[in-house]
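Take a look at the structure below.
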Amino acid sequence: MLLTLGSIITFMWTCKRHAHREPMGLVNDMQRRNVVIFAVIGLLALASWIGVRYTMPEAPDRVAWEWVRDLAAGKQSKALQLAYEGPADRCSGRDTTRDKAGLYSSWRTKKQMRYTVMIPDQVTDDRADVPVKFIFPGSKTIVHHIILYKAGSQWKVCRVWDK
């Protein structure tokens, strides 16, 4: 966006400063106006695209990946921001985060665990099930399903269950 704005300003400054030196008059006033108009249209289109892109909610698998990454790195406080706390019988995202923080961190540091976040199995308007495969040396794998709940327009971690 700044590059487009800079291009408009540079073009206008160059035309105003050096147009009288052009011996053949190859750039007329209509062409100058067209360049400025199309540059402004391009700037508006870019700003609109950025606005639409940043107002879209993150995908549930992306939220699950960030949550597991934060827990595996030992950043429980950061992972708590992605946890949802609803009714006790339905969602306990904060308790789940506290429970899994030590487990995922120890798996990563002591057992050299790697993980892969899979494509969500089931996605409805307000719930998603994202499987995460934990891979340990020696081909041992464990799959945890992260259940996410859509709170407003953002996905939040609700609970985790093992398969």
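Each chain in the structure tokens gets a letter, A, B and so on, in the order shown; residues start at 1 in every chain, and ligands are counted from 1 in the order they appear.
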
Nearby residues (only C-alpha atoms) at most 6 Å from segment 91-104 of chain A, same-chain spacing under 5 positions excluded, as a PyMOL selection string | chain A and resi 71-72+83-86+157-159

Residues at most 7 Å from Met118 of chain A, counting only C-alpha atoms, excluding those fewer than 4 positions away in the same chain, as a VMD selection string?
-> chain A and resid 130 to 132

To test your reading of the structure, identify every residue in segment 90-144 of chain A that backbone DSSP assigns to strand (DSSP E), and report it as an mmCIF file with N, CA and C atoms, in the first residue's frame.
```cif
data_model
loop_
_atom_site.group_PDB
_atom_site.id
_atom_site.type_symbol
_atom_site.label_atom_id
_atom_site.label_comp_id
_atom_site.auth_asym_id
_atom_site.auth_seq_id
_atom_site.Cartn_x
_atom_site.Cartn_y
_atom_site.Cartn_z
ATOM 1 N N ARG A 114 7.446 -34.721 17.838
ATOM 2 C CA ARG A 114 7.037 -33.806 16.770
ATOM 3 C C ARG A 114 5.536 -33.947 16.643
ATOM 4 N N TYR A 115 4.891 -32.977 16.065
ATOM 5 C CA TYR A 115 3.440 -33.076 15.918
ATOM 6 C C TYR A 115 3.005 -32.552 14.561
ATOM 7 N N THR A 116 1.862 -33.084 14.120
ATOM 8 C CA THR A 116 1.265 -32.666 12.863
ATOM 9 C C THR A 116 -0.203 -32.386 13.113
ATOM 10 N N VAL A 117 -0.628 -31.203 12.756
ATOM 11 C CA VAL A 117 -2.040 -30.841 12.878
ATOM 12 C C VAL A 117 -2.713 -31.234 11.569
ATOM 13 N N GLN A 122 -14.571 -32.854 11.709
ATOM 14 C CA GLN A 122 -15.958 -32.404 11.686
ATOM 15 C C GLN A 122 -15.982 -30.913 11.983
ATOM 16 N N VAL A 123 -16.611 -30.164 11.103
ATOM 17 C CA VAL A 123 -16.746 -28.731 11.320
ATOM 18 C C VAL A 123 -18.220 -28.363 11.149
ATOM 19 N N ARG A 127 -18.696 -25.589 16.101
ATOM 20 C CA ARG A 127 -17.788 -26.587 16.669
ATOM 21 C C ARG A 127 -16.885 -27.163 15.586
ATOM 22 N N ALA A 128 -15.683 -27.553 15.994
ATOM 23 C CA ALA A 128 -14.746 -28.203 15.076
ATOM 24 C C ALA A 128 -13.928 -29.229 15.841
ATOM 25 N N ASP A 129 -13.581 -30.305 15.167
ATOM 26 C CA ASP A 129 -12.760 -31.377 15.740
ATOM 27 C C ASP A 129 -11.488 -31.463 14.911
ATOM 28 N N VAL A 130 -10.366 -31.090 15.516
ATOM 29 C CA VAL A 130 -9.086 -31.064 14.801
ATOM 30 C C VAL A 130 -8.165 -32.124 15.396
ATOM 31 N N PRO A 131 -7.841 -33.187 14.633
ATOM 32 C CA PRO A 131 -6.906 -34.182 15.143
ATOM 33 C C PRO A 131 -5.463 -33.682 15.058
ATOM 34 N N VAL A 132 -4.699 -33.997 16.094
ATOM 35 C CA VAL A 132 -3.275 -33.665 16.128
ATOM 36 C C VAL A 132 -2.524 -34.966 16.371
ATOM 37 N N LYS A 133 -1.600 -35.285 15.456
ATOM 38 C CA LYS A 133 -0.827 -36.519 15.588
ATOM 39 C C LYS A 133 0.540 -36.179 16.181
ATOM 40 N N PHE A 134 0.818 -36.780 17.340
ATOM 41 C CA PHE A 134 2.107 -36.610 17.994
ATOM 42 C C PHE A 134 2.988 -37.787 17.602
ATOM 43 N N ILE A 135 4.161 -37.491 17.074
ATOM 44 C CA ILE A 135 5.058 -38.516 16.547
ATOM 45 C C ILE A 135 6.311 -38.553 17.426
ATOM 46 N N PHE A 136 6.604 -39.743 17.950
ATOM 47 C CA PHE A 136 7.760 -39.933 18.817
ATOM 48 C C PHE A 136 8.813 -40.746 18.074
ATOM 49 N N LYS A 140 6.343 -44.363 17.139
ATOM 50 C CA LYS A 140 5.171 -44.368 18.012
ATOM 51 C C LYS A 140 4.390 -43.084 17.776
ATOM 52 N N THR A 141 3.064 -43.211 17.626
ATOM 53 C CA THR A 141 2.225 -42.039 17.415
ATOM 54 C C THR A 141 1.042 -42.059 18.386
ATOM 55 N N ILE A 142 0.639 -40.883 18.778
ATOM 56 C CA ILE A 142 -0.541 -40.683 19.613
ATOM 57 C C ILE A 142 -1.368 -39.600 18.945
ATOM 58 N N VAL A 143 -2.684 -39.810 18.876
ATOM 59 C CA VAL A 143 -3.571 -38.825 18.264
ATOM 60 C C VAL A 143 -4.465 -38.236 19.342
ATOM 61 N N HIS A 144 -4.454 -36.923 19.441
ATOM 62 C CA HIS A 144 -5.371 -36.192 20.315
ATOM 63 C C HIS A 144 -6.307 -35.389 19.433
#
```

Expressed in Å to a single decimal, how great is the separation between atom CA of Leu80 of chain A and atom CA of Met56 of chain A?
->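 Distance between the two atoms: 21.6 Å.
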
Between A:Gly138, A:Ser105, A:Leu148, A:Leu46, which one has atoms that come closest to Val68 of chain A, using only C-alpha atoms?
->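 Counting only C-alpha atoms, the residue closest to Val68 of chain A is A:Ser105.
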
Mind pulling up the distance from atom CA of Arg32 of chain A to atom CA of Leu44 of chain A?
-> 18.6 Å

Extract the full set of helix (DSSP H, G or I) residues from segment 60-129 of chain A according to DSSP on the backbone, and format it as a PyMOL selection string.
-> chain A and resi 60-72+76-80+93-110

Export, as an mmCIF file, in the first residue's frame, the selected residues with C-alpha atoms.
```cif
data_model
loop_
_atom_site.group_PDB
_atom_site.id
_atom_site.type_symbol
_atom_site.label_atom_id
_atom_site.label_comp_id
_atom_site.auth_asym_id
_atom_site.auth_seq_id
_atom_site.Cartn_x
_atom_site.Cartn_y
_atom_site.Cartn_z
ATOM 1 C CA PRO A 60 -9.863 -23.944 13.350
ATOM 2 C CA ASP A 61 -6.801 -25.999 12.397
ATOM 3 C CA ARG A 62 -4.656 -22.854 12.549
ATOM 4 C CA VAL A 63 -5.942 -22.086 16.071
ATOM 5 C CA ALA A 64 -5.258 -25.688 17.137
ATOM 6 C CA TRP A 65 -1.741 -25.481 15.703
ATOM 7 C CA GLU A 66 -1.011 -22.229 17.592
ATOM 8 C CA TRP A 67 -2.385 -23.710 20.827
ATOM 9 C CA VAL A 68 -0.267 -26.893 20.592
ATOM 10 C CA ARG A 69 2.788 -24.880 19.539
ATOM 11 C CA ASP A 70 2.464 -22.595 22.555
ATOM 12 C CA LEU A 71 1.990 -25.505 24.967
ATOM 13 C CA ALA A 72 4.900 -27.487 23.498
ATOM 14 C CA GLN A 76 0.968 -21.653 28.881
ATOM 15 C CA SER A 77 -0.115 -18.032 29.374
ATOM 16 C CA LYS A 78 -0.117 -17.462 25.614
ATOM 17 C CA ALA A 79 -2.074 -20.684 25.025
ATOM 18 C CA LEU A 80 -4.662 -19.615 27.613
ATOM 19 C CA GLY A 93 -10.647 -24.857 27.796
ATOM 20 C CA ARG A 94 -8.630 -23.248 30.570
ATOM 21 C CA ASP A 95 -8.493 -26.463 32.626
ATOM 22 C CA THR A 96 -7.553 -28.430 29.523
ATOM 23 C CA THR A 97 -4.785 -25.955 28.743
ATOM 24 C CA ARG A 98 -3.371 -26.232 32.255
ATOM 25 C CA ASP A 99 -3.561 -30.049 32.142
ATOM 26 C CA LYS A 100 -1.895 -30.435 28.744
ATOM 27 C CA ALA A 101 0.774 -27.743 29.219
ATOM 28 C CA GLY A 102 3.131 -29.931 31.208
ATOM 29 C CA LEU A 103 2.436 -33.016 29.105
ATOM 30 C CA TYR A 104 3.127 -31.462 25.699
ATOM 31 C CA SER A 105 6.136 -29.553 26.978
ATOM 32 C CA SER A 106 7.701 -32.676 28.509
ATOM 33 C CA TRP A 107 6.974 -34.705 25.386
ATOM 34 C CA ARG A 108 8.812 -32.122 23.325
ATOM 35 C CA THR A 109 11.825 -31.671 25.599
ATOM 36 C CA LYS A 110 12.298 -35.185 27.017
#
```

Residue neighbourhood Glu58 of chain A, 10 Å, only C-alpha atoms, exclusion window fewer than 6 positions, as an MDAnalysis selection string = chainID A and resid 153:155

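Picture a line from atom CA of Thr124 of chain A to atom CA of Ser48 of chain A; it runs 28.4 Å.
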